[in-house]
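Q: Structure in structure tokens, see below.
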Amino acid sequence: PGFYPWEDGYFQEEGIGFYEALAKGGAGIVTLGAAPLGVPPGRGYAFDDDKYIPRMAKVVEAIHKYDCPAFMQTFHLGPMLPPFLVASGSEALAASSLTRSEVPLPHLPLPRELTVAEIEGIVEAFGDRAERAKKAGFHGIELNAGCNHLLNSFISRAWNKRQDAYGVGSLEGRAKIVVDIIKEVKRLNGEEFAIIALINGAEPGLDNGMTPKEAQGIAKI
């Protein structure tokens, strides 16, 4: 749509018809564009407060008119900050602090390593957001742990240099934050609430990037 559908943090009603049209056209599932964590106000629709649920429920209702499941994508930008967010003072966060020579994509800002306490807080924030999604009527969420967003910075050895429980010692360690989020979402919303976990299948061109074999292992975990 040719407008910003997130003015004042609320999803704008002008955008509802866009998603309704997708459902009406026969889509098997309609996933609402991402509700990002770690983005300043005015740069994406917000979903960190219950006051946003009624408006979002209207989006879901429009999708459900055509017997179509509605999902909400959610993610944390992490190190993948566009220039306008860097200029506004947003901080790049990742599994590890990296030097300019270590950053997998040289145009991205240097990230700061998250503490364990911060990781646990982010897991809770994902759970809170998913709980609101269920209250709004969504069937599930799409958890974006791909691209070069925060969760992928843990999964990928190109980003993750940690030596703790979230680190490079094992696939299980690198997948831990995503597994913890899935467990938290299920704890809050029940086993029937669906989760699509999106990960990179490969990262060609990156030093120590994800390989298809690693991606298969992460997917099984």
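Each chain of the structure tokens is named A, B, ... in the order shown, its residues numbered from 1; ligands are numbered from 1 in display order.
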Could you pull out the residues in segment 1-102 of chain A that DSSP calls strand (DSSP E) from the backbone, as an MDAnalysis selection string?

A: chainID A and resid 30:37 70:76 93:94

Q: Using C-alpha atoms, can you write the selected residues to a file as a short mmCIF file (atom, residue, chain, number, x, y, z; two decimals), in the first residue's frame?

A:
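For reference, result06.cif as written:
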```
data_model
loop_
_atom_site.label_atom_id
_atom_site.label_comp_id
_atom_site.auth_asym_id
_atom_site.auth_seq_id
_atom_site.Cartn_x
_atom_site.Cartn_y
_atom_site.Cartn_z
CA VAL A 30 -2.27 -14.52 5.34
CA THR A 31 0.63 -13.30 7.45
CA LEU A 32 0.59 -9.72 8.63
CA GLY A 33 3.83 -7.83 8.00
CA ALA A 34 6.23 -7.85 10.91
CA ALA A 35 5.61 -6.43 14.37
CA PRO A 36 9.27 -5.65 15.14
CA LEU A 37 10.88 -5.46 18.55
CA ALA A 70 -4.28 -15.19 10.08
CA PHE A 71 -0.68 -15.10 11.32
CA MET A 72 1.50 -12.25 12.56
CA GLN A 73 5.20 -12.12 11.79
CA THR A 74 7.42 -10.90 14.61
CA PHE A 75 11.15 -10.35 14.85
CA HIS A 76 13.87 -8.16 16.35
CA LEU A 93 22.35 -5.61 18.99
CA ALA A 94 23.58 -9.12 18.27
#
```

Q: Mind listing the alpha helix (DSSP H) residues of segment 6-219 of chain A, per DSSP on the backbone, as a PyMOL selection string?

A: chain A and resi 16-24+53-64+83-87+116-136+150-155+171-189+212-219

Q: Restricting the calculation to only C-alpha atoms, which member of A:Lys134, A:Ile119, A:Tyr10, A:Ala194 is positioned closest to Lys51 of chain A?

A: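 Result for the nearest residue to Lys51 of chain A: A:Tyr10.
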
Q: Determine the nearest neighbour of Leu105 of chain A from the options A:Lys213, A:Pro79, A:Ile218, A:Phe84, counting only C-alpha atoms.

A: A:Pro79

Q: Select, from A:Ile221, A:Ala125, A:Val103, A:Leu143, the residue with the minimum atom-to-atom distance to Lys161 of chain A, counting only C-alpha atoms.

A: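 When distances to Lys161 of chain A are compared using only C-alpha atoms, the smallest one comes from A:Val103.
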
Q: Out of A:Gly121, A:Pro82, A:Gly9, A:Pro104, which residue has the shortest atom-to-atom distance to Tyr52 of chain A when counting only C-alpha atoms?

A: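 Using only C-alpha atoms, Tyr52 of chain A sits closest to A:Gly9.
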
Q: Could you tell me how far atom CA of Ile199 of chain A sits from atom CA of Asn144 of chain A, in Å to one decimal place?

A: 6.9 Å

Q: Need the shell around Phe126 of chain A: protein/DNA/RNA residues with any atom at most 8 Å away, counting only C-alpha atoms. Skip same-chain ones fewer than 3 positions apart. Format as a PyMOL selection string?

A: chain A and resi 74+122-123+129-130+181+185

Q: Suppose we keep C-alpha atoms; can you now write the selection as an mmCIF file, in the first residue's frame?

A:
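Contents of the output file selection_29.cif:
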```
data_model
loop_
_atom_site.group_PDB
_atom_site.id
_atom_site.type_symbol
_atom_site.label_atom_id
_atom_site.label_comp_id
_atom_site.auth_asym_id
_atom_site.auth_seq_id
_atom_site.Cartn_x
_atom_site.Cartn_y
_atom_site.Cartn_z
ATOM 1 C CA THR A 74 7.418 -10.901 14.606
ATOM 2 C CA ILE A 122 13.832 -10.475 24.807
ATOM 3 C CA VAL A 123 12.445 -14.003 25.149
ATOM 4 C CA ARG A 129 3.732 -10.130 21.819
ATOM 5 C CA ALA A 130 2.531 -13.599 20.842
ATOM 6 C CA ILE A 181 11.004 -18.239 22.611
ATOM 7 C CA VAL A 185 4.989 -18.760 23.408
#
```

Q: Please build the interface table for segment 104-185 of chain A against segment 54-64 of chain A with a cut-off of 9 Å, listing for each qualifying residue the nearest atom pair and the distance in Å to one decimal; count only C-alpha atoms, order rows by chain and increasing number, and write it as a Markdown table.

A:
```
| residue | atom | partner | partner_atom | distance |
| --- | --- | --- | --- | --- |
| A:Ala133 | CA | A:Met56 | CA | 8.3 |
| A:Lys135 | CA | A:Ala57 | CA | 8.1 |
| A:Ala136 | CA | A:Ala57 | CA | 4.5 |
| A:Gly137 | CA | A:Val60 | CA | 6.2 |
| A:Phe138 | CA | A:Val60 | CA | 6.4 |
```

Q: Based on the selection just made, write N, CA and C atoms of those residues as a tab-separated table (two decimals), in the first residue's frame.

A:
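Full text of again.tsv as output:
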```tsv
chain	number	residue	atom	x	y	z
A	133	ALA	N	-1.14	-11.41	20.27
A	133	ALA	CA	-1.59	-11.87	18.96
A	133	ALA	C	-2.73	-12.87	19.10
A	135	LYS	N	-4.83	-13.03	21.63
A	135	LYS	CA	-6.00	-12.28	22.11
A	135	LYS	C	-6.69	-11.54	20.96
A	136	ALA	N	-5.91	-11.13	19.97
A	136	ALA	CA	-6.47	-10.44	18.81
A	136	ALA	C	-7.12	-11.39	17.83
A	137	GLY	N	-6.90	-12.70	18.01
A	137	GLY	CA	-7.55	-13.70	17.16
A	137	GLY	C	-6.65	-14.39	16.16
A	138	PHE	N	-5.35	-14.07	16.16
A	138	PHE	CA	-4.44	-14.74	15.23
A	138	PHE	C	-4.33	-16.23	15.56
```

Q: Would you mind listing what lies within 6 Å of segment 200-204 of chain A as number ranges by chain, with only C-alpha atoms counted and same-chain residues fewer than 3 positions away left out?

A: A: 146, 209-212, 215

Q: Determine the nearest neighbour of Gly173 of chain A from the options A:Ile155, A:Ile16, A:Leu98, A:Leu188, counting only C-alpha atoms.

A: A:Ile155

Q: Using only C-alpha atoms, pick whichever of A:Leu171, A:Val179, A:Ala158, A:Ala27 has the shortest atom-to-atom distance to Ser101 of chain A.

A: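 So, comparing all the options, the nearest one is A:Ala158.
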
Q: Please measure the separation of atom CA of Glu184 of chain A and atom CA of Gly127 of chain A, giving the value in Å to one decimal.

A: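 About the pair atom CA of Glu184 of chain A and atom CA of Gly127 of chain A: they are 5.6 Å apart.
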
Q: Rounded to one decimal in Å, what is the spacing between atom CA of Ser170 of chain A and atom CA of Pro109 of chain A?

A: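 These two atoms are separated by 26.8 Å.
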
Q: Excluding same-chain residues fewer than 5 positions from segment 110-115 of chain A, what lies within 12 Å of it counting only C-alpha atoms, as a count of residues only?

A: 40
